[in-house]
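**Q** One structure is given below, represented as structure tokens, and several questions about it will come after.
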Amino acid sequence: MMDGREQRAPAPGRGGPVPSAGPRRPAPRGPLSAAVLDLVTAGPPPGPARGPVPGGPFPDPWGEDHQLALHLCYELHDRGLPGVHPGWEWDPVLLTLRRGLEDAFLAAVRAGTEPVPPLPELLERLLTEPSDGSGPSHFLLAEGERRHAQEYLVHRSVYHLKEADPQLWVLPRIHGPAQAVLMAVAYDEYGAGRPDRAHCLLYARMMAAFGLDPGYGHYRDLVPAPMLAVVNLMTLFGLHRALRGAAVGQFAAIEITSSPGSARLARALERLGGGADGTLFYREHVEADAVHEQLVRRGVIEELLAAEPELAPDIAFGIAAATLVGDRFAEHLLTSWRAGRTSLRAPLAPLAHVAG
């Protein structure tokens, strides 16, 4: 973590990044997301749906419509949706639809990860930085422009503006030393007792430094399916006790690989004019996640396996699944950028620097 000489990050609305008035209700991307929106905007549950609720089949689980529909269902467990009654969170009709969406997505992820290598092999891969890396952080450092950095921050805002929330679902599903260590890691994510140092607020401050609106959900309509799938996977694993091992594996994949990538991103954003505000988030992660890597491997995974050794294949699957969705997202970014087009669903509208 950073020392006490670092300037404290002000919270939004208190000298820091000022978000928009609030998240906007997203636009549907097809019949599945339209069905979810029709259902939850029909009034308090169990209000009648304005159209039939799809029951499957779900032919394109990686597609825009499917991923947005699942994201909308999950948002009811997180920040909610604008104008939607909170009672929809546990509505049986919506949960039935969500289960169908989850099953199709999970089947696609399993198909994309088979055969899953043994857990020790996957952990060793995570610990090895390839000498010829070519992911988004490498691109941004070597040849990225400010517009690429802005797009990257918009994509990642879907997760980082609620950083660690999806992983917290797994805490009551594991016990003993593994739970205690995972809680220690999460404590850092929320500022280690300093609310203004919560990582979600540091990310908001970084977005503002790059002339972006840091309001939660502000850019949701622009974020395409590959990034939604990254966050949906986290929540899917966290919400199901049967997938608790996969949730731990997914979290491990993030923490073990974060530090080197964060160092590159901090240098890239500094090169692109980010300054102190625009690099603080990733500078924070360089040191913090180097510590978290050890804690997750030894304090969470090893302790969990000591208590429940049968979870080893599930942890391995979680790592493989996180790698799969992360690689799909990276490929989408790099393919778009190298073709000279936006990686978002539409170009970013010009926005004046958000006032402090």
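In the structure tokens, each chain is lettered A, B, ... as it comes, each chain's residues begin at 1, and ligands are numbered from 1 in order of appearance.
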Using only C-alpha atoms, which residues of segment 100-152 of chain A come within 12 Å of segment 231-250 of chain A, and what is the closest atom pair for each, with the distance in Å to one decimal? Give it as CSV, sorted by chain and residue number.
**A**
residue,atom,partner,partner_atom,distance
A:Leu101,CA,A:Leu236,CA,10.4
A:Glu102,CA,A:Leu236,CA,7.2
A:Asp103,CA,A:Leu236,CA,9.9
A:Ala104,CA,A:Leu236,CA,11.8
A:Phe105,CA,A:Leu233,CA,8.7
A:Leu106,CA,A:Leu233,CA,8.4
A:Ala107,CA,A:Leu233,CA,11.9
A:Ala108,CA,A:Leu233,CA,11.4
A:Val109,CA,A:Leu233,CA,9.1
A:Arg110,CA,A:Ala246,CA,11.5
A:Leu119,CA,A:Gly249,CA,9.3
A:Pro120,CA,A:Gly249,CA,11.8
A:Leu122,CA,A:Gly249,CA,9.9
A:Leu123,CA,A:Gly249,CA,9.5
A:Leu126,CA,A:Gly249,CA,11.2
**Q** Separation of atom CA of Phe139 of chain A and atom CA of Gly211 of chain A, in Å?
**A**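 Taking atom CA of Phe139 of chain A and atom CA of Gly211 of chain A, their separation equals 20.9 Å.
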**Q** Need the shell around Ala330 of chain A: protein/DNA/RNA residues with any atom at most 12 Å away, counting only C-alpha atoms. Skip same-chain ones fewer than 3 positions apart. Format as number ranges by chain?
**A** A: 133-140, 152, 155-156, 226-227, 230, 323-327, 333-337, 343
**Q** How far is it from atom CA of His148 of chain A to atom CA of Asp196 of chain A, in Å with one decimal?
**A** 27.5 Å
**Q** Write down as a PyMOL selection string the residues of segment 154-303 of chain A whose backbone DSSP state falls under alpha helix (DSSP H).
**A** chain A and resi 154-160+165-168+177-189+199-209+225-239+244-271+275-294+302-303
**Q** Could you tell me which of A:His175, A:His71, A:Arg197, A:Arg205 comes closest to Glu308 of chain A if we count only C-alpha atoms?
**A**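 Counting only C-alpha atoms, the residue closest to Glu308 of chain A is A:His175.
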**Q** Could I get the residues of segment 188-247 of chain A with an atom no further than 9 Å from an atom of segment 272-275 of chain A, each paired with its nearest atom pair and that distance in Å to one decimal, using only C-alpha atoms, sorted by chain and residue number, as a Markdown table?
**A**
| residue | atom | partner | partner_atom | distance |
| --- | --- | --- | --- | --- |
| A:Met206 | CA | A:Gly274 | CA | 7.8 |
| A:Ala209 | CA | A:Gly274 | CA | 6.4 |
| A:Phe210 | CA | A:Gly274 | CA | 6.6 |
**Q** Find, counting only C-alpha atoms, the residue in A:Ala69, A:Val185, A:Val286, A:Leu161 that gets nearest to Gly299 of chain A.
**A**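 Among the listed residues, A:Val185 lies closest to Gly299 of chain A.
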**Q** Could you state the separation of atom CA of Gly30 of chain A and atom CA of Ala346 of chain A in Å, given to one decimal place?
**A**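 Separation between atom CA of Gly30 of chain A and atom CA of Ala346 of chain A: 16.7 Å.
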**Q** Which is closest to Pro115 of chain A among A:Tyr282, A:Trp169, A:Phe329, A:Phe317, if we use only C-alpha atoms?
**A** A:Phe317
**Q** Select, from A:Pro92, A:Pro57, A:Gly191, A:Pro44, the residue with the minimum atom-to-atom distance to Glu163 of chain A, counting only C-alpha atoms.
**A**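 For Glu163 of chain A, the nearest of the candidates is A:Gly191.
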**Q** Using only C-alpha atoms, pick whichever of A:Leu76, A:Leu202, A:Leu344, A:Leu97 has the shortest atom-to-atom distance to Leu228 of chain A.
**A** A:Leu344
**Q** Between A:Ala225, A:Cys200, A:Ala184, A:Leu305, single out the one closest to Asp60 of chain A, counting only C-alpha atoms.
**A**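 Distance minimum relative to Asp60 of chain A lands on A:Ala225.
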**Q** Can you list, as a PDB file with N, CA and C atoms, in the first residue's frame, every protein, DNA or RNA residue that comes within 9 Å of His292 of chain A when you count only C-alpha atoms, leaving out same-chain residues fewer than 2 positions away?
**A**
ATOM      1  N   VAL A 185      -7.876  -9.499   2.145  1.00  0.00           N
ATOM      2  CA  VAL A 185      -7.649  -8.951   0.809  1.00  0.00           C
ATOM      3  C   VAL A 185      -8.768  -7.980   0.445  1.00  0.00           C
ATOM      4  N   ALA A 252      -8.372 -15.474  -7.829  1.00  0.00           N
ATOM      5  CA  ALA A 252      -6.928 -15.714  -7.846  1.00  0.00           C
ATOM      6  C   ALA A 252      -6.319 -15.262  -9.167  1.00  0.00           C
ATOM      7  N   GLU A 255      -5.890 -11.453  -8.993  1.00  0.00           N
ATOM      8  CA  GLU A 255      -4.894 -10.946  -8.053  1.00  0.00           C
ATOM      9  C   GLU A 255      -3.473 -11.351  -8.429  1.00  0.00           C
ATOM     10  N   ILE A 256      -3.306 -12.572  -8.933  1.00  0.00           N
ATOM     11  CA  ILE A 256      -1.958 -13.055  -9.236  1.00  0.00           C
ATOM     12  C   ILE A 256      -1.365 -12.322 -10.434  1.00  0.00           C
ATOM     13  N   GLU A 287       1.793  -2.448  -5.878  1.00  0.00           N
ATOM     14  CA  GLU A 287       2.311  -3.006  -4.632  1.00  0.00           C
ATOM     15  C   GLU A 287       1.269  -3.851  -3.913  1.00  0.00           C
ATOM     16  N   ALA A 288       0.029  -3.344  -3.860  1.00  0.00           N
ATOM     17  CA  ALA A 288      -1.013  -4.054  -3.115  1.00  0.00           C
ATOM     18  C   ALA A 288      -1.245  -5.448  -3.676  1.00  0.00           C
ATOM     19  N   ASP A 289      -1.315  -5.562  -4.998  1.00  0.00           N
ATOM     20  CA  ASP A 289      -1.625  -6.865  -5.579  1.00  0.00           C
ATOM     21  C   ASP A 289      -0.434  -7.807  -5.580  1.00  0.00           C
ATOM     22  N   ALA A 290       0.770  -7.264  -5.463  1.00  0.00           N
ATOM     23  CA  ALA A 290       1.927  -8.142  -5.267  1.00  0.00           C
ATOM     24  C   ALA A 290       1.803  -8.866  -3.933  1.00  0.00           C
ATOM     25  N   GLN A 294       0.400 -13.369  -2.990  1.00  0.00           N
ATOM     26  CA  GLN A 294       0.868 -14.340  -2.005  1.00  0.00           C
ATOM     27  C   GLN A 294      -0.270 -14.768  -1.077  1.00  0.00           C
ATOM     28  N   LEU A 295      -1.074 -13.808  -0.651  1.00  0.00           N
ATOM     29  CA  LEU A 295      -2.168 -14.126   0.254  1.00  0.00           C
ATOM     30  C   LEU A 295      -3.185 -15.050  -0.399  1.00  0.00           C
ATOM     31  N   VAL A 296      -3.518 -14.793  -1.643  1.00  0.00           N
ATOM     32  CA  VAL A 296      -4.530 -15.610  -2.318  1.00  0.00           C
ATOM     33  C   VAL A 296      -4.003 -17.025  -2.554  1.00  0.00           C
ATOM     34  N   ARG A 297      -2.766 -17.130  -2.993  1.00  0.00           N
ATOM     35  CA  ARG A 297      -2.224 -18.469  -3.280  1.00  0.00           C
ATOM     36  C   ARG A 297      -2.078 -19.291  -2.012  1.00  0.00           C
TER      37      ARG A 297
END
**Q** Tell me which protein, DNA and RNA residues are within 12 Å of Asp91 of chain A, counting only C-alpha atoms, leaving out same-chain ones fewer than 5 positions away, and put them as a PyMOL selection string.
**A** chain A and resi 36+39-40+44-48+73+76-77+85-86+96-98
**Q** Could you please take those selected residues and save C-alpha atoms as an mmCIF file, in the first residue's frame?
**A**
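What landed in out-v2.cif:
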data_model
loop_
_atom_site.group_PDB
_atom_site.id
_atom_site.type_symbol
_atom_site.label_atom_id
_atom_site.label_comp_id
_atom_site.auth_asym_id
_atom_site.auth_seq_id
_atom_site.Cartn_x
_atom_site.Cartn_y
_atom_site.Cartn_z
ATOM 1 C CA VAL A 36 -35.895 -8.334 -18.731
ATOM 2 C CA LEU A 39 -40.625 -7.286 -16.828
ATOM 3 C CA VAL A 40 -38.893 -5.137 -14.229
ATOM 4 C CA PRO A 44 -43.625 -3.581 -8.472
ATOM 5 C CA PRO A 45 -43.515 -7.375 -8.631
ATOM 6 C CA PRO A 46 -45.352 -9.454 -9.605
ATOM 7 C CA GLY A 47 -46.456 -6.945 -12.245
ATOM 8 C CA PRO A 48 -47.453 -8.473 -15.573
ATOM 9 C CA CYS A 73 -30.456 -9.497 -13.759
ATOM 10 C CA LEU A 76 -30.649 -6.139 -9.220
ATOM 11 C CA HIS A 77 -28.363 -7.820 -6.654
ATOM 12 C CA HIS A 85 -38.581 -1.750 -7.653
ATOM 13 C CA PRO A 86 -36.057 -3.612 -5.453
ATOM 14 C CA THR A 96 -36.232 -18.571 -13.961
ATOM 15 C CA LEU A 97 -35.135 -16.475 -16.922
ATOM 16 C CA ARG A 98 -31.827 -15.698 -15.219
#
